[in-house]
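S.K.: mmCIF, C-alpha atoms, saved as structure_17.cif, coming up:
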```cif
data_work
#
loop_
_atom_site.group_PDB
_atom_site.id
_atom_site.type_symbol
_atom_site.label_atom_id
_atom_site.label_comp_id
_atom_site.auth_asym_id
_atom_site.auth_seq_id
_atom_site.Cartn_x
_atom_site.Cartn_y
_atom_site.Cartn_z
ATOM 1 C CA MET U 121 0.000 0.000 0.000
ATOM 2 C CA ARG U 122 1.136 3.466 -0.699
ATOM 3 C CA GLN U 123 1.797 5.553 2.390
ATOM 4 C CA LYS U 124 0.487 9.023 2.508
ATOM 5 C CA GLY U 125 3.152 11.633 3.109
ATOM 6 C CA LYS U 126 2.734 14.373 5.674
ATOM 7 C CA ALA U 127 2.231 17.728 4.171
ATOM 8 C CA THR U 128 4.553 20.494 5.525
ATOM 9 C CA ILE U 129 2.875 23.783 6.062
ATOM 10 C CA LYS U 130 5.113 26.887 6.151
ATOM 11 C CA LYS U 131 3.874 29.807 8.100
ATOM 12 C CA ILE U 132 4.537 33.105 6.414
ATOM 13 C CA LYS U 133 4.839 36.129 8.686
ATOM 14 C CA THR U 134 3.094 39.094 7.286
ATOM 15 C CA LYS U 135 4.554 42.521 8.095
ATOM 16 C CA ILE U 136 1.833 45.062 8.227
ATOM 17 C CA TYR U 137 2.908 48.577 7.149
ATOM 18 C CA SER U 138 1.401 51.300 9.246
ATOM 19 C CA PRO U 139 1.637 54.837 7.836
ATOM 20 C CA ARG U 140 0.777 56.236 11.245
ATOM 21 C CA SER U 141 3.699 54.435 12.914
ATOM 22 C CA SER U 142 6.125 55.790 10.315
ATOM 23 C CA GLN U 143 4.883 59.323 10.804
ATOM 24 C CA LEU U 144 5.358 59.030 14.555
ATOM 25 C CA LYS U 145 8.971 57.948 14.083
ATOM 26 C CA LEU U 146 9.632 60.831 11.720
ATOM 27 C CA ALA U 147 8.052 63.232 14.189
ATOM 28 C CA GLU U 148 10.151 61.860 17.057
ATOM 29 C CA ALA U 149 13.308 62.188 14.938
ATOM 30 C CA ALA U 150 12.409 65.776 14.078
ATOM 31 C CA VAL U 151 11.782 66.609 17.743
ATOM 32 C CA GLN U 152 15.107 65.036 18.726
ATOM 33 C CA LYS U 153 16.873 67.007 16.015
ATOM 34 C CA ILE U 154 15.339 70.235 17.301
ATOM 35 C CA ARG U 155 16.352 69.342 20.848
ATOM 36 C CA ASN U 156 19.927 68.662 19.748
ATOM 37 C CA LYS U 157 20.012 71.946 17.856
ATOM 38 C CA ASP U 158 18.613 73.824 20.851
ATOM 39 C CA LEU U 159 21.176 72.140 23.103
ATOM 40 C CA GLN U 160 23.996 73.081 20.733
ATOM 41 C CA THR U 161 22.754 76.670 20.593
ATOM 42 C CA GLU U 162 22.550 76.795 24.382
ATOM 43 C CA VAL U 163 26.096 75.458 24.732
ATOM 44 C CA GLN U 164 27.403 78.008 22.225
ATOM 45 C CA THR U 165 25.575 80.774 24.074
ATOM 46 C CA GLN U 166 27.081 79.682 27.388
ATOM 47 C CA ILE U 167 30.564 79.564 25.852
ATOM 48 C CA LYS U 168 30.049 83.060 24.456
ATOM 49 C CA ILE U 169 28.928 84.326 27.863
ATOM 50 C CA VAL U 170 31.948 82.725 29.552
ATOM 51 C CA LYS U 171 34.293 84.352 27.017
ATOM 52 C CA GLN U 172 32.676 87.739 27.552
ATOM 53 C CA LEU U 173 32.913 87.415 31.328
ATOM 54 C CA SER U 174 36.543 86.305 31.045
ATOM 55 C CA PHE U 175 37.339 89.308 28.853
ATOM 56 C CA ILE U 176 35.663 91.655 31.325
ATOM 57 C CA ALA U 177 37.534 90.054 34.227
ATOM 58 C CA VAL U 178 40.913 90.315 32.475
ATOM 59 C CA THR U 179 40.220 93.919 31.461
ATOM 60 C CA PHE U 180 39.231 94.791 35.023
ATOM 61 C CA LEU U 181 42.340 93.064 36.369
ATOM 62 C CA LEU U 182 44.623 94.918 33.972
ATOM 63 C CA PHE U 183 42.914 98.199 34.769
ATOM 64 C CA SER U 184 43.257 97.533 38.492
ATOM 65 C CA CYS U 185 46.934 96.638 38.149
ATOM 66 C CA ASN U 186 47.685 99.692 36.000
ATOM 67 C CA SER U 187 45.355 102.182 37.677
ATOM 68 C CA ASN U 188 48.396 104.122 38.911
ATOM 69 C CA ILE U 189 49.550 104.922 35.355
ATOM 70 C CA VAL U 190 49.029 108.610 34.616
ATOM 71 C CA PHE U 191 50.827 108.834 31.273
ATOM 72 C CA ASP U 192 52.513 106.224 29.065
ATOM 73 C CA GLN U 193 53.661 106.889 25.507
ATOM 74 C CA TYR U 194 56.367 105.675 23.112
ATOM 75 C CA ILE U 195 57.774 107.415 20.041
ATOM 76 C CA SER U 196 59.663 105.361 17.455
ATOM 77 C CA ILE U 197 63.106 106.350 16.201
ATOM 78 C CA GLU U 198 63.205 106.401 12.410
ATOM 79 C CA ASN U 199 65.476 103.643 11.043
ATOM 80 C CA GLN U 200 66.806 103.133 14.593
ATOM 81 C CA GLN U 201 69.128 106.109 14.068
ATOM 82 C CA TRP U 202 68.726 108.760 16.734
ATOM 83 C CA ARG U 203 70.374 112.060 15.925
ATOM 84 C CA SER U 204 71.420 114.188 18.890
ATOM 85 C CA GLU U 205 69.647 117.291 17.570
ATOM 86 C CA ASN U 206 66.357 115.429 17.215
ATOM 87 C CA GLY U 207 64.795 115.631 20.650
ATOM 88 C CA ILE U 208 61.805 113.442 21.488
ATOM 89 C CA ASN U 209 58.863 115.530 22.708
ATOM 90 C CA PHE U 210 56.038 114.552 25.044
ATOM 91 C CA ILE U 211 53.112 116.811 25.924
ATOM 92 C CA VAL U 212 51.297 116.004 29.168
ATOM 93 C CA LYS U 213 48.093 117.728 30.279
ATOM 94 C CA ASN U 214 45.528 117.517 33.087
ATOM 95 C CA LEU U 215 47.891 116.190 35.739
ATOM 96 C CA ASP U 216 46.840 115.735 39.347
ATOM 97 C CA THR U 217 48.173 118.753 41.254
ATOM 98 C CA ILE U 218 48.186 116.989 44.638
ATOM 99 C CA SER U 219 49.458 113.418 44.211
ATOM 100 C CA ALA U 220 53.146 112.464 44.126
ATOM 101 C CA ASN U 221 54.481 110.673 41.047
ATOM 102 C CA ASN U 222 57.483 108.789 39.734
ATOM 103 C CA VAL U 223 58.604 109.616 36.195
ATOM 104 C CA PHE U 224 60.446 107.112 33.997
ATOM 105 C CA ILE U 225 62.202 107.287 30.650
ATOM 106 C CA ASN U 226 61.636 104.056 28.735
ATOM 107 C CA ILE U 227 64.196 102.953 26.166
ATOM 108 C CA ARG U 228 63.955 100.050 23.729
ATOM 109 C CA ASN U 229 67.233 98.920 22.207
ATOM 110 C CA THR U 230 68.553 96.123 20.012
ATOM 111 C CA LYS U 231 71.898 94.340 19.943
ATOM 112 C CA ASN U 232 73.067 97.019 17.494
ATOM 113 C CA TYR U 233 73.457 99.438 20.403
ATOM 114 C CA GLU U 234 77.231 99.457 20.872
ATOM 115 C CA PHE U 235 77.668 101.172 24.249
ATOM 116 C CA SER U 236 77.419 99.924 27.823
ATOM 117 C CA SER U 237 75.808 103.164 28.997
ATOM 118 C CA LEU U 238 73.433 105.829 27.705
ATOM 119 C CA PHE U 239 73.681 109.589 28.243
ATOM 120 C CA LEU U 240 70.545 111.707 27.959
ATOM 121 C CA ILE U 241 69.628 115.366 28.316
ATOM 122 C CA ALA U 242 66.080 115.667 29.655
ATOM 123 C CA LYS U 243 64.256 118.992 29.662
ATOM 124 C CA LEU U 244 61.028 119.736 31.495
ATOM 125 C CA GLU U 245 59.093 122.927 30.822
ATOM 126 C CA LEU U 246 56.484 123.826 33.441
ATOM 127 C CA PRO U 247 53.168 125.563 32.629
ATOM 128 C CA ASN U 248 54.638 128.901 33.809
ATOM 129 C CA GLY U 249 57.515 128.606 31.302
ATOM 130 C CA PHE U 250 60.198 127.651 33.845
ATOM 131 C CA LYS U 251 62.579 124.976 32.495
ATOM 132 C CA VAL U 252 64.445 122.226 34.331
ATOM 133 C CA ILE U 253 67.342 120.520 32.513
ATOM 134 C CA ASP U 254 68.934 117.269 33.724
ATOM 135 C CA THR U 255 71.931 115.374 32.357
ATOM 136 C CA LEU U 256 71.379 111.676 32.952
ATOM 137 C CA GLU U 257 73.540 108.572 32.669
ATOM 138 C CA TYR U 258 72.141 105.040 32.637
ATOM 139 C CA GLU U 259 73.905 101.687 32.598
ATOM 140 C CA MET U 260 72.696 99.487 29.740
ATOM 141 C CA THR U 261 74.815 96.379 30.461
ATOM 142 C CA ASP U 262 76.357 94.705 33.490
ATOM 143 C CA ALA U 263 80.098 94.184 34.030
ATOM 144 C CA SER U 264 79.998 91.057 31.842
ATOM 145 C CA GLY U 265 78.355 92.865 28.951
ATOM 146 C CA ASN U 266 74.891 91.372 29.453
ATOM 147 C CA TRP U 267 71.916 93.604 28.730
ATOM 148 C CA LEU U 268 70.152 94.947 31.804
ATOM 149 C CA GLY U 269 66.895 95.475 29.925
ATOM 150 C CA SER U 270 64.115 92.899 29.995
ATOM 151 C CA GLY U 271 63.026 90.749 27.053
ATOM 152 C CA PHE U 272 63.814 87.309 25.605
ATOM 153 C CA THR U 273 64.441 88.553 22.057
ATOM 154 C CA ASP U 274 67.007 90.968 20.642
ATOM 155 C CA LEU U 275 64.710 93.841 21.635
ATOM 156 C CA LYS U 276 65.317 94.965 25.229
ATOM 157 C CA GLU U 277 63.055 97.124 27.374
ATOM 158 C CA ASN U 278 64.662 99.546 29.843
ATOM 159 C CA LYS U 279 62.631 101.384 32.483
ATOM 160 C CA LEU U 280 64.878 104.181 33.744
ATOM 161 C CA PHE U 281 64.171 106.462 36.708
ATOM 162 C CA TYR U 282 63.961 110.120 35.696
ATOM 163 C CA LYS U 283 62.211 111.925 38.564
ATOM 164 C CA GLU U 284 61.123 110.479 41.888
ATOM 165 C CA ASN U 285 58.315 111.583 44.190
ATOM 166 C CA VAL U 286 57.474 114.682 42.162
ATOM 167 C CA VAL U 287 54.235 116.670 42.458
ATOM 168 C CA PHE U 288 53.009 118.558 39.388
ATOM 169 C CA SER U 289 51.500 121.355 41.441
ATOM 170 C CA GLU U 290 50.728 123.761 38.599
ATOM 171 C CA ILE U 291 47.660 123.523 36.396
ATOM 172 C CA GLY U 292 48.430 123.435 32.690
ATOM 173 C CA THR U 293 50.629 121.729 30.107
ATOM 174 C CA TYR U 294 53.960 120.073 30.914
ATOM 175 C CA LYS U 295 56.445 119.656 28.059
ATOM 176 C CA PHE U 296 59.158 116.993 28.146
ATOM 177 C CA ASN U 297 62.063 116.843 25.693
ATOM 178 C CA ILE U 298 64.639 114.026 25.610
ATOM 179 C CA GLN U 299 67.894 114.152 23.616
ATOM 180 C CA HIS U 300 70.776 111.713 23.595
ATOM 181 C CA ALA U 301 74.308 112.855 24.445
ATOM 182 C CA THR U 302 76.141 109.551 24.103
ATOM 183 C CA ARG U 303 79.688 109.649 22.790
ATOM 184 C CA GLY U 304 82.612 107.292 22.487
ATOM 185 C CA ILE U 305 86.107 107.661 23.922
ATOM 186 C CA ASN U 306 87.860 110.754 22.497
ATOM 187 C CA ASP U 307 84.665 111.544 20.597
ATOM 188 C CA ILE U 308 84.051 115.255 21.107
ATOM 189 C CA GLN U 309 81.135 115.595 18.698
ATOM 190 C CA GLY U 310 79.273 112.607 20.081
ATOM 191 C CA LYS U 311 77.760 109.608 18.330
ATOM 192 C CA ASN U 312 75.539 110.982 15.613
ATOM 193 C CA PRO U 313 73.405 109.190 14.708
ATOM 194 C CA LEU U 314 73.161 106.831 17.650
ATOM 195 C CA GLU U 315 72.187 103.391 16.360
ATOM 196 C CA GLY U 316 70.282 100.587 18.044
ATOM 197 C CA ILE U 317 67.596 102.637 19.838
ATOM 198 C CA THR U 318 64.169 101.745 18.440
ATOM 199 C CA ASP U 319 61.799 103.664 20.741
ATOM 200 C CA VAL U 320 61.881 106.326 23.442
ATOM 201 C CA GLY U 321 59.053 106.544 25.945
ATOM 202 C CA LEU U 322 57.849 108.555 28.902
ATOM 203 C CA ARG U 323 55.852 107.053 31.742
ATOM 204 C CA ILE U 324 54.337 108.768 34.781
ATOM 205 C CA GLU U 325 53.091 106.626 37.649
ATOM 206 C CA LYS U 326 51.137 107.864 40.634
ATOM 207 C CA ILE U 327 52.667 106.703 43.905
ATOM 208 C CA LYS U 328 50.209 104.508 45.770
ATOM 209 C CA LYS U 329 49.766 105.370 49.414
#
```
With the file now loaded, output its structure as structure tokens.
M.R.:
Amino acid sequence: MRQKGKATIKKIKTKIYSPRSSQLKLAEAAVQKIRNKDLQTEVQTQIKIVKQLSFIAVTFLLFSCNSNIVFDQYISIENQQWRSENGINFIVKNLDTISANNVFINIRNTKNYEFSSLFLIAKLELPNGFKVIDTLEYEMTDASGNWLGSGFTDLKENKLFYKENVVFSEIGTYKFNIQHATRGINDIQGKNPLEGITDVGLRIEKIKK
């Protein structure tokens, strides 16, 4: 007799497509994208605020540290060749007539400056026309020939005392004039031009009590 074989029935899973389900997923993705964008915007805003606050803090700190500066100006020497007849002029107005101040002459020099010292003639004209003339000498190097000025490059910064504990008691304009009088050995006429000086500055600092 012929045996009857067992029929194998395969179950086929039917995947039902739901337009509503797809729309929900798209909506959720859109919401998530908006949230991510909002979060990114918020982070950028916070970073911007932090930068602004940092800038304000640094500015305030610098202002606090330099609040004693009354006047600070540099004038460049053309081609780093300072002729003795070319005085450097500074005009200072609206000075405090009560507070005491220290006055500095600032000099920037390069390795092309060939002397160990610097001679200057500094003139100060008061508002009433009275003039004060000082002949000044400053050491630019130590005994070993090393520069005394600050700076890690070839450009050195020298902050030189000019007048100490001075009160500008008169109201009006104060005129400063600075000339160099540097000369070599047996050099009657002086070094003209004097090379290696890049800038000459004047700085007035109020003495803190």
S.K.: Which of these, U:Glu148, U:Gln201, U:Glu284, U:Lys276, has the shortest distance to U:Asn312 once you count only C-alpha atoms?
M.R.: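 Among U:Glu148, U:Gln201, U:Glu284, U:Lys276, it is U:Gln201 that comes nearest to U:Asn312.
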S.K.: As a ChimeraX atom specification, please: the residues near U:Lys283 (cut-off 9 Å, all atoms listed in the file, same-chain neighbours under 4 positions excluded).
M.R.: /U:221-224
S.K.: Identify which of the residues U:Thr230, U:Ser204, U:Ser236, U:Ser264 lies closest to U:Ile298, counting only C-alpha atoms when measuring atom-to-atom distances.
M.R.: U:Ser204
S.K.: In terms of the shortest atom-to-atom distance over all atoms listed in the file, which of U:Ala220, U:Val212, U:Ile195, U:Val320 is closest to U:Lys279?
M.R.: U:Val320
S.K.: Please indicate the distance in Å from atom CA of U:Lys328 to atom CA of U:Thr293, rounded to one decimal place.
M.R.: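 Result for atom CA of U:Lys328 versus atom CA of U:Thr293: 23.3 Å, one decimal.
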S.K.: Could you jot down the atom CA of U:Glu325 to atom CA of U:Val190 separation for me, Å, one decimal place?
M.R.: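 Separating atom CA of U:Glu325 from atom CA of U:Val190 is a distance of 5.4 Å.
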